[in-house]
$ cat entry24.txt   # compact mmCIF, C-alpha atoms
# COMPACT_ATOMS: atom_id res chain seq x y z
CA MET A 905 -32.36 73.08 -62.98
CA ILE A 906 -32.97 69.53 -64.08
CA MET A 907 -29.25 68.85 -63.87
CA LEU A 908 -29.14 70.14 -60.29
CA SER A 909 -32.03 67.88 -59.32
CA LEU A 910 -30.28 64.84 -60.77
CA VAL A 911 -27.10 65.66 -58.84
CA VAL A 912 -29.08 65.98 -55.58
CA MET A 913 -30.87 62.68 -56.20
CA VAL A 914 -27.58 60.89 -56.90
CA SER A 915 -26.07 62.30 -53.70
CA VAL A 916 -29.08 61.15 -51.66
CA VAL A 917 -28.88 57.62 -53.15
CA GLN A 918 -25.16 57.42 -52.47
CA ALA A 919 -25.71 58.59 -48.90
CA GLN A 920 -28.40 55.95 -48.38
CA ASP A 921 -26.14 53.25 -49.85
CA ALA A 922 -23.32 54.32 -47.54
CA GLU A 923 -25.67 54.19 -44.56
CA VAL A 924 -26.88 50.74 -45.58
CA ASN A 925 -23.32 49.51 -45.96
CA LYS A 926 -22.40 50.98 -42.60
CA ASN A 927 -25.36 49.30 -40.94
CA GLN A 928 -24.58 45.97 -42.63
CA GLU A 929 -20.96 46.20 -41.48
CA LEU A 930 -22.15 46.88 -37.94
CA LEU A 931 -24.53 43.91 -38.10
CA ASP A 932 -21.72 41.69 -39.38
CA ARG A 933 -19.49 42.75 -36.48
CA ILE A 934 -22.27 42.10 -33.97
CA ASP A 935 -22.85 38.67 -35.49
CA THR A 936 -19.11 37.90 -35.31
CA LEU A 937 -19.01 38.97 -31.64
CA GLU A 938 -22.03 36.81 -30.84
CA ARG A 939 -20.40 33.77 -32.47
CA GLN A 940 -17.19 34.40 -30.49
CA LEU A 941 -19.15 34.75 -27.25
CA ARG A 942 -21.02 31.50 -27.92
CA LYS A 943 -17.70 29.76 -28.64
CA ILE A 944 -16.20 31.07 -25.39
CA GLU A 945 -19.27 29.91 -23.45
CA GLU A 946 -19.10 26.45 -25.01
CA GLU A 947 -15.38 26.14 -24.23
CA GLY A 948 -16.07 27.24 -20.65
CA LYS A 949 -18.80 24.61 -20.29
CA ALA A 950 -16.49 21.95 -21.76
CA ARG A 951 -13.68 22.95 -19.36
CA LYS A 952 -16.06 22.86 -16.44
CA THR A 953 -17.25 19.41 -17.47
CA LEU A 954 -13.67 18.13 -17.66
CA GLU A 955 -12.69 19.60 -14.28
CA ILE A 956 -12.50 17.09 -11.43
CA THR A 957 -14.70 17.99 -8.49
CA GLU A 958 -13.44 17.86 -4.91
CA GLU A 959 -15.41 14.67 -4.34
CA GLU A 960 -13.91 13.09 -7.45
CA LYS A 961 -10.40 14.06 -6.31
CA VAL A 962 -10.96 12.38 -2.94
CA GLN A 963 -12.31 9.26 -4.66
CA LYS A 964 -9.35 9.21 -7.06
CA GLU A 965 -6.91 9.44 -4.13
CA LYS A 966 -8.72 6.64 -2.31
CA GLU A 967 -8.64 4.35 -5.37
CA VAL A 968 -4.90 4.90 -5.87
CA LEU A 969 -4.18 4.22 -2.19
CA SER A 970 -6.46 1.18 -2.05
CA ALA A 971 -4.06 -0.51 -4.49
CA VAL A 972 -1.23 0.12 -2.00
CA SER A 973 -2.79 -0.83 1.34
CA ARG A 974 -5.91 -0.37 3.45
CA GLU A 975 -3.91 1.42 6.13
CA TYR A 976 -4.08 4.78 4.30
CA SER A 977 -7.87 5.20 4.28
CA LEU A 978 -10.97 4.10 6.18
CA ASP A 979 -14.38 3.09 4.91
CA PRO A 980 -17.68 4.77 5.89
CA ARG A 981 -19.47 3.76 9.06
CA GLY A 982 -21.12 0.34 8.95
CA THR A 983 -18.83 -1.05 6.22
CA LEU A 984 -17.54 -4.60 6.54
CA ALA A 985 -14.30 -4.95 4.58
CA LEU A 986 -12.92 -8.32 3.55
CA ASP A 987 -9.54 -8.79 1.86
CA TYR A 988 -8.09 -11.97 0.43
CA SER A 989 -4.33 -11.91 -0.18
CA LEU A 990 -2.05 -14.42 -1.80
CA ALA A 991 1.69 -13.88 -1.47
CA TYR A 992 4.81 -15.79 -2.47
CA SER A 993 8.25 -14.97 -1.08
CA TYR A 994 11.68 -16.41 -1.72
CA SER A 995 14.68 -15.93 0.54
CA PRO A 996 18.05 -17.59 -0.18
CA SER A 997 20.80 -17.82 2.43
CA GLU A 998 24.15 -19.41 3.15
CA VAL A 999 24.93 -21.20 6.41
CA ILE A 1000 28.40 -22.13 7.67
CA TYR A 1001 28.44 -25.48 9.49
CA THR A 1002 30.95 -28.08 10.65
CA THR A 1003 30.87 -31.68 9.48
CA GLU A 1004 31.68 -34.76 11.49
CA GLU A 1005 35.15 -34.60 10.07
CA ALA A 1006 35.44 -31.10 11.62
CA LEU A 1007 35.55 -29.48 8.21
CA THR A 1008 33.91 -26.15 7.73
CA ARG A 1009 31.42 -26.14 4.86
CA LEU A 1010 29.17 -23.57 3.26
CA LYS A 1011 25.58 -24.79 2.96
CA GLN A 1012 23.07 -23.21 0.56
CA GLU A 1013 19.53 -22.79 1.92
CA SER A 1014 16.43 -21.40 0.27
CA GLU A 1015 13.09 -20.69 1.87
CA HIS A 1016 9.85 -20.50 -0.11
CA THR A 1017 6.68 -19.23 1.56
CA ILE A 1018 3.15 -19.13 0.15
CA GLN A 1019 0.79 -17.20 2.39
CA HIS A 1020 -2.98 -16.95 2.18
CA SER A 1021 -4.38 -14.15 4.34
CA VAL A 1022 -7.94 -13.16 5.16
CA TYR A 1023 -8.16 -9.62 6.51
CA THR A 1024 -11.45 -8.39 7.97
CA SER A 1025 -12.28 -4.93 9.29
CA TYR A 1026 -15.48 -3.24 10.42
CA SER A 1027 -15.94 0.54 10.44
CA ILE A 1028 -17.44 1.39 13.82
CA LEU A 1029 -17.47 5.06 12.86
CA ASP A 1030 -16.48 6.97 9.73
CA ASN A 1031 -13.04 7.46 11.28
CA LEU A 1032 -12.69 4.35 13.48
CA ALA A 1033 -12.32 0.71 12.41
CA ALA A 1034 -11.46 -2.62 14.05
CA SER A 1035 -9.66 -5.40 12.14
CA VAL A 1036 -8.59 -9.05 12.31
CA ASN A 1037 -5.99 -10.68 10.06
CA VAL A 1038 -5.79 -14.49 9.79
CA PRO A 1039 -2.83 -15.90 7.77
CA ILE A 1040 -2.52 -19.48 6.55
CA LEU A 1041 1.01 -20.39 5.46
CA TYR A 1042 2.67 -23.02 3.36
CA ARG A 1043 6.45 -22.96 3.87
CA TYR A 1044 8.99 -24.95 1.96
CA ASN A 1045 12.69 -25.05 2.79
CA LYS A 1046 15.36 -26.57 0.59
CA MET A 1047 18.68 -27.09 2.36
CA GLY A 1048 21.56 -27.99 0.12
CA THR A 1049 20.76 -30.42 -2.68
CA ASP A 1050 18.95 -33.21 -0.79
CA ASP A 1051 17.25 -32.04 2.39
CA GLU A 1052 13.76 -30.58 2.07
CA LEU A 1053 11.14 -29.54 4.62
CA ASP A 1054 7.61 -28.22 4.22
CA GLU A 1055 4.77 -27.19 6.51
CA THR A 1056 1.19 -25.91 6.18
CA ASP A 1057 -0.46 -24.29 9.19
CA ILE A 1058 -2.08 -21.14 10.49
CA GLY A 1059 0.20 -18.17 11.19
CA ASP A 1060 0.10 -15.51 13.90
CA ILE A 1061 -3.33 -13.85 14.05
CA ALA A 1062 -3.32 -10.06 14.45
CA VAL A 1063 -6.11 -7.82 15.81
CA GLY A 1064 -6.02 -4.05 15.52
CA MET A 1065 -7.69 -0.65 15.45
CA ALA A 1066 -7.33 2.27 13.02
CA TYR A 1067 -8.33 5.89 13.68
CA GLN A 1068 -8.40 9.09 11.61
CA PRO A 1069 -8.46 12.11 13.96
CA PHE A 1070 -9.21 14.70 11.25
CA LYS A 1071 -11.43 14.76 8.18
CA ALA A 1072 -9.22 15.63 5.23
CA GLU A 1073 -10.31 17.44 2.08
CA ALA A 1074 -8.73 17.00 -1.34
CA GLY A 1075 -5.12 18.22 -1.22
CA ASP A 1076 -4.83 17.95 2.58
CA ILE A 1077 -2.55 15.51 4.37
CA ARG A 1078 -4.64 12.49 5.36
CA MET A 1079 -3.52 10.91 8.66
CA THR A 1080 -4.38 7.44 9.96
CA PHE A 1081 -3.12 6.10 13.29
CA SER A 1082 -3.22 2.40 14.08
CA CYS A 1083 -2.34 -0.12 16.78
CA SER A 1084 -2.37 -3.91 16.70
CA ALA A 1085 -1.47 -7.00 18.68
CA ALA A 1086 0.02 -10.19 17.23
CA LEU A 1087 -0.98 -13.46 18.92
CA PRO A 1088 1.33 -16.51 18.86
CA THR A 1089 -1.24 -18.76 17.17
CA GLY A 1090 1.20 -20.10 14.58
CA ARG A 1091 3.57 -23.00 15.01
CA SER A 1092 6.24 -21.64 17.36
CA PRO A 1093 9.93 -22.04 16.43
CA PHE A 1094 10.54 -22.86 20.11
CA ASP A 1095 8.20 -25.90 20.09
CA ILE A 1096 9.49 -27.75 17.05
CA ASN A 1097 12.40 -29.89 16.00
CA PRO A 1098 14.26 -27.59 13.57
CA GLU A 1099 15.77 -30.61 11.81
CA ALA A 1100 12.35 -32.00 10.82
CA GLU A 1101 9.80 -29.17 11.18
CA ILE A 1102 9.27 -25.56 10.10
CA SER A 1103 7.62 -22.83 12.14
CA THR A 1104 4.74 -20.71 10.85
CA GLY A 1105 4.75 -18.12 13.64
CA ASN A 1106 7.09 -16.06 15.80
CA GLY A 1107 6.26 -17.77 19.08
CA TYR A 1108 5.66 -14.62 21.13
CA TYR A 1109 3.17 -11.81 21.66
CA ALA A 1110 3.88 -8.41 20.14
CA VAL A 1111 2.20 -5.01 19.97
CA SER A 1112 2.62 -2.46 17.20
CA ALA A 1113 1.76 1.18 16.67
CA GLY A 1114 1.95 3.14 13.45
CA ALA A 1115 1.03 6.32 11.63
CA SER A 1116 0.23 6.53 7.91
CA PHE A 1117 0.05 9.69 5.84
CA SER A 1118 -0.98 10.52 2.28
CA LYS A 1119 -1.32 13.68 0.20
CA GLN A 1120 -2.53 14.30 -3.32
CA VAL A 1121 -0.11 16.39 -5.35
CA ASP A 1122 -1.45 16.37 -8.92
CA PRO A 1123 -0.85 14.27 -10.85
CA VAL A 1124 0.45 11.84 -8.16
CA VAL A 1125 -0.53 10.73 -4.66
CA LEU A 1126 2.28 10.63 -2.10
CA PHE A 1127 2.15 8.22 0.84
CA TRP A 1128 4.44 7.41 3.75
CA ASN A 1129 4.25 5.69 7.15
CA LEU A 1130 6.20 4.98 10.31
CA GLY A 1131 5.74 2.03 12.67
CA LEU A 1132 7.12 0.56 15.88
CA THR A 1133 6.84 -3.05 17.10
CA TYR A 1134 7.53 -4.20 20.65
CA PRO A 1135 7.68 -8.00 21.23
CA PHE A 1136 7.35 -9.54 24.69
CA LYS A 1137 9.91 -11.79 26.32
CA VAL A 1138 9.24 -15.54 26.40
CA ASP A 1139 10.62 -17.60 29.28
CA GLY A 1140 10.25 -21.09 30.72
CA LEU A 1141 10.57 -22.60 27.24
CA ASN A 1142 12.48 -25.77 28.14
CA HIS A 1143 13.17 -26.25 24.43
CA THR A 1144 15.94 -28.71 23.59
CA VAL A 1145 18.04 -27.25 20.78
CA ALA A 1146 20.76 -29.91 20.82
CA GLU A 1147 22.11 -32.52 23.16
CA ASN A 1148 22.49 -30.98 26.64
CA ILE A 1149 21.53 -27.55 25.27
CA VAL A 1150 18.13 -26.35 26.47
CA LEU A 1151 16.72 -22.96 25.54
CA ASP A 1152 15.06 -21.25 28.50
CA THR A 1153 14.40 -17.56 27.59
CA VAL A 1154 14.08 -15.55 24.41
CA GLU A 1155 13.95 -11.77 24.48
CA PRO A 1156 13.15 -10.52 20.95
CA GLY A 1157 14.38 -7.09 19.96
CA SER A 1158 12.00 -4.25 19.14
CA SER A 1159 11.89 -2.92 15.59
CA VAL A 1160 11.08 0.26 13.74
CA ASN A 1161 9.98 0.43 10.13
CA ALA A 1162 9.30 3.19 7.62
CA SER A 1163 8.20 3.40 4.02
CA LEU A 1164 7.42 6.04 1.42
CA GLY A 1165 6.17 6.02 -2.12
CA MET A 1166 3.89 7.51 -4.72
CA GLY A 1167 0.98 6.37 -6.86
CA TYR A 1168 -0.33 7.58 -10.20
CA ALA A 1169 -3.72 6.98 -11.81
CA LEU A 1170 -3.24 5.94 -15.42
CA SER A 1171 -7.02 6.06 -15.96
CA TYR A 1172 -10.23 5.63 -14.00
CA ALA A 1173 -9.62 1.88 -14.06
CA ASN A 1174 -5.84 1.49 -13.55
CA SER A 1175 -3.13 2.91 -11.32
CA ILE A 1176 0.53 2.22 -10.62
CA ASN A 1177 2.65 2.79 -7.52
CA MET A 1178 6.21 2.45 -6.31
CA SER A 1179 7.61 2.45 -2.80
CA PHE A 1180 10.72 2.05 -0.66
CA SER A 1181 10.60 0.26 2.70
CA TYR A 1182 13.16 0.13 5.50
CA SER A 1183 13.21 -1.67 8.85
CA TYR A 1184 15.67 -1.85 11.71
CA LYS A 1185 15.43 -4.59 14.36
CA ARG A 1186 17.40 -4.69 17.58
CA SER A 1187 19.30 -7.77 18.64
CA THR A 1188 17.45 -10.82 20.02
CA SER A 1189 18.79 -12.47 23.19
CA PHE A 1190 18.80 -16.23 23.88
CA LYS A 1191 19.43 -17.68 27.35
CA TYR A 1192 20.16 -21.37 27.87
CA GLU A 1193 19.91 -23.50 30.98
CA ARG A 1194 23.18 -24.07 32.83
CA VAL A 1195 24.88 -21.54 30.54
CA SER A 1196 25.96 -18.28 32.12
CA SER A 1197 26.48 -16.30 28.92
CA THR A 1198 23.71 -14.89 26.71
CA TYR A 1199 23.71 -15.34 22.95
CA GLU A 1200 22.98 -12.18 20.90
CA THR A 1201 21.97 -12.32 17.25
CA GLY A 1202 23.01 -8.75 16.51
CA ASP A 1203 20.95 -5.94 15.02
CA GLU A 1204 19.27 -6.51 11.65
CA VAL A 1205 18.53 -4.13 8.79
CA ASP A 1206 16.20 -4.80 5.88
CA ALA A 1207 15.29 -2.63 2.89
CA SER A 1208 13.23 -3.30 -0.22
CA PHE A 1209 11.90 -1.59 -3.33
CA GLY A 1210 8.39 -2.32 -4.53
CA LEU A 1211 6.32 -1.84 -7.67
CA GLY A 1212 2.56 -2.27 -7.76
CA MET A 1213 -0.51 -1.91 -9.96
CA GLY A 1214 -4.21 -1.52 -9.19
CA ILE A 1215 -6.93 -2.68 -11.59
CA ASN A 1216 -10.58 -1.75 -11.05
CA ILE A 1217 -12.73 -4.77 -11.88
CA SER A 1218 -15.86 -3.05 -10.54
CA PRO A 1219 -16.74 0.39 -9.11
CA LYS A 1220 -16.05 -0.90 -5.58
CA THR A 1221 -13.31 -3.49 -6.16
CA THR A 1222 -9.67 -2.77 -6.99
CA VAL A 1223 -7.40 -5.79 -7.44
CA SER A 1224 -3.78 -4.99 -6.62
CA VAL A 1225 -0.61 -6.79 -7.68
CA SER A 1226 2.80 -5.93 -6.21
CA LEU A 1227 6.40 -7.06 -6.51
CA ALA A 1228 8.99 -6.28 -3.82
CA TYR A 1229 12.71 -6.87 -4.28
CA SER A 1230 15.04 -6.93 -1.30
CA LEU A 1231 17.92 -4.46 -1.36
CA THR A 1232 19.79 -6.20 1.47
CA ASP A 1233 19.81 -9.74 0.04
CA THR A 1234 18.61 -11.50 -3.12
CA GLY A 1235 15.08 -12.36 -1.97
CA PHE A 1236 11.83 -11.10 -3.41
CA SER A 1237 8.08 -11.38 -2.90
CA LEU A 1238 5.07 -11.31 -5.22
CA SER A 1239 1.56 -10.73 -3.91
CA THR A 1240 -1.98 -10.02 -5.03
CA ARG A 1241 -4.91 -8.68 -3.01
CA ILE A 1242 -8.64 -8.69 -3.71
CA PRO A 1243 -10.77 -6.43 -1.45
CA PHE A 1244 -14.53 -6.63 -0.96
CA ASN A 1245 -16.76 -4.11 0.86
CA PHE A 1246 -20.23 -4.73 2.28
CA VAL A 1247 -22.44 -2.03 3.80
CA LEU A 1248 -24.34 -3.45 6.77
$ encode --input "entry24.txt" --output "structure tokens"
Amino acid sequence: MIMLSLVVMVSVVQAQDAEVNKNQELLDRIDTLERQLRKIEEEGKARKTLEITEEEKVQKEKEVLSAVSREYSLDPRGTLALDYSLAYSYSPSEVIYTTEEALTRLKQESEHTIQHSVYTSYSILDNLAASVNVPILYRYNKMGTDDELDETDIGDIAVGMAYQPFKAEAGDIRMTFSCSAALPTGRSPFDINPEAEISTGNGYYAVSAGASFSKQVDPVVLFWNLGLTYPFKVDGLNHTVAENIVLDTVEPGSSVNASLGMGYALSYANSINMSFSYSYKRSTSFKYERVSSTYETGDEVDASFGLGMGINISPKTTVSVSLAYSLTDTGFSLSTRIPFNFVL
């Protein structure tokens, strides 16, 4: 009897121990699941923190494009934008001429241009802005080994308007349409002595229209534009080109230009971009007094490849530096631009 009681007691203790072990195992599993759930929640919060919001995507796109040009985006209503640009360009050329001994020679020429530009725009609405661009040029020409010319003067002032018909969200194609007029405020090539002076303007009025587009395709921002320029004929010049040769009328040819490129944000403070530009200009006509025939220059084509970088020096200021190399000759240009925005 006593033996039977001991057996029963042992069985009860073993059953209780098994139940305790089972409960402990269940508690351990629950604790493990809770830790895994907490880890998943923390990872989800971290991912959410790292995700870029729609507003941040739009701001990132704007910062990348601001290093390219102002033509791809507009500032909020009441913003006064001021840009200072400094650009240097070099363009070599070869000219065939005839000496007094009637010998044909090849003359090397090189043109250096340093241009200071002040660009101002005011946002009338969130999607409408008016602008004025005032260039001041220093031009230096070296012809052959001895002859040199230089000139400092204002260039052709341009006034324009830019309009965005649709409000674009992140990932949408952003469209900006623009029009401008160039005024012949610079030193006209038809009012100077080309042997002793250099022009700083085109000498005629011109109107331009263009459309610029951009789209964010992570991790890059694509941008492209198309423009058309129509210059107006200039007559009654009475400009003496050489002895007994007087220029009377100039009819500049219209031109079309296009460019495309992409930009990439290296960080919140730096971005890089590259682009390809192409322009085609129709022939310009020159008519001289007492000369029945008209001189045509022929159509012109120009293409270039550019590299640029944007550096944020403050939350609202992105300094851009760009280098463009001509693909149709051996010229190049180097420029920097510093934009400032003021909310009125």
$ axis_aligned_box --input "entry24.txt" --around "range 1156-1170 of chain A" --padding-each-side "3 Å" --output "AutoDock Vina command-line options"
--center_x 5.3 --center_y -1.5 --center_z 2.8 --size_x 24.1 --size_y 24.1 --size_z 42.4
$ residues_around --input "entry24.txt" --residues "Ile1018 in chain A" --least-positions-apart "2" --cutoff "10 Å" --atoms "all atoms listed in the file" --output "PyMOL selection string"
chain A and resi 990-994+1016+1020-1021+1040-1044+1056+1237-1239
$ closest_residue --input "entry24.txt" --among "A:Thr1104, A:Ser1014, A:Asn1177, A:Asn1216" --to "Gly1235 in chain A" --atoms "all atoms listed in the file"
A:Ser1014
$ residues_around --input "entry24.txt" --residues "Val972 in chain A" --least-positions-apart "4" --cutoff "8 Å" --atoms "only C-alpha atoms" --output "number ranges by chain"
A: 968, 1177, 1212, 1214, 1224
$ residues_around --input "entry24.txt" --residues "range 1205-1209 of chain A" --least-positions-apart "4" --cutoff "7 Å" --atoms "all atoms listed in the file" --output "ChimeraX atom specification"
/A:1179-1185,1228-1232
$ atom_distance --input "entry24.txt" --atom1 "CA of Ala1066 in chain A" --atom2 "CA of Val1124 in chain A"
24.5 Å
$ atom_distance --input "entry24.txt" --atom1 "CA of Phe1127 in chain A" --atom2 "CA of Lys1071 in chain A"
16.8 Å
$ residues_around --input "entry24.txt" --residues "Leu1130 in chain A" --least-positions-apart "5" --cutoff "10 Å" --atoms "all atoms listed in the file" --output "list in words"
Phe1081, Ala1113, Gly1114, Ala1115, Ser1116, Phe1117, Val1160, Asn1161, Ala1162, Ser1163, Leu1164, Ser1181, Tyr1182 and Ser1183 of chain A
$ atom_distance --input "entry24.txt" --atom1 "CA of Ser1027 in chain A" --atom2 "CA of Ala1173 in chain A"
25.3 Å
$ residues_around --input "entry24.txt" --residues "Pro1069 in chain A" --least-positions-apart "5" --cutoff "9 Å" --atoms "all atoms listed in the file" --output "list of chain:residue names"
A:Asn1031, A:Leu1032, A:Met1079, A:Thr1080, A:Phe1081
$ closest_atom_pairs --input "entry24.txt" --of "range 1092-1125 of chain A" --to "range 1149-1154 of chain A" --cutoff "12 Å" --atoms "all atoms listed in the file" --output "Markdown table"
| residue | atom | partner | partner_atom | distance |
| --- | --- | --- | --- | --- |
| A:Pro1093 | CA | A:Val1154 | CA | 11.1 |
| A:Phe1094 | CA | A:Leu1151 | CA | 8.2 |
| A:Asp1095 | CA | A:Leu1151 | CA | 10.5 |
| A:Asn1106 | CA | A:Val1154 | CA | 11.1 |
| A:Gly1107 | CA | A:Val1154 | CA | 9.7 |
| A:Tyr1108 | CA | A:Val1154 | CA | 9.1 |
| A:Tyr1109 | CA | A:Val1154 | CA | 11.9 |
$ closest_residue --input "entry24.txt" --among "A:Ser1082, A:Ser1197, A:Thr1188, A:Asn1174" --to "Ile1215 in chain A" --atoms "all atoms listed in the file"
A:Asn1174
$ closest_residue --input "entry24.txt" --among "A:Leu1248, A:Val1125, A:Ala985, A:Ile1028" --to "Arg1078 in chain A" --atoms "all atoms listed in the file"
A:Val1125
$ closest_residue --input "entry24.txt" --among "A:Thr1198, A:Asn1129, A:Asn1142, A:Ser1158" --to "Ser1112 in chain A" --atoms "all atoms listed in the file"
A:Ser1158
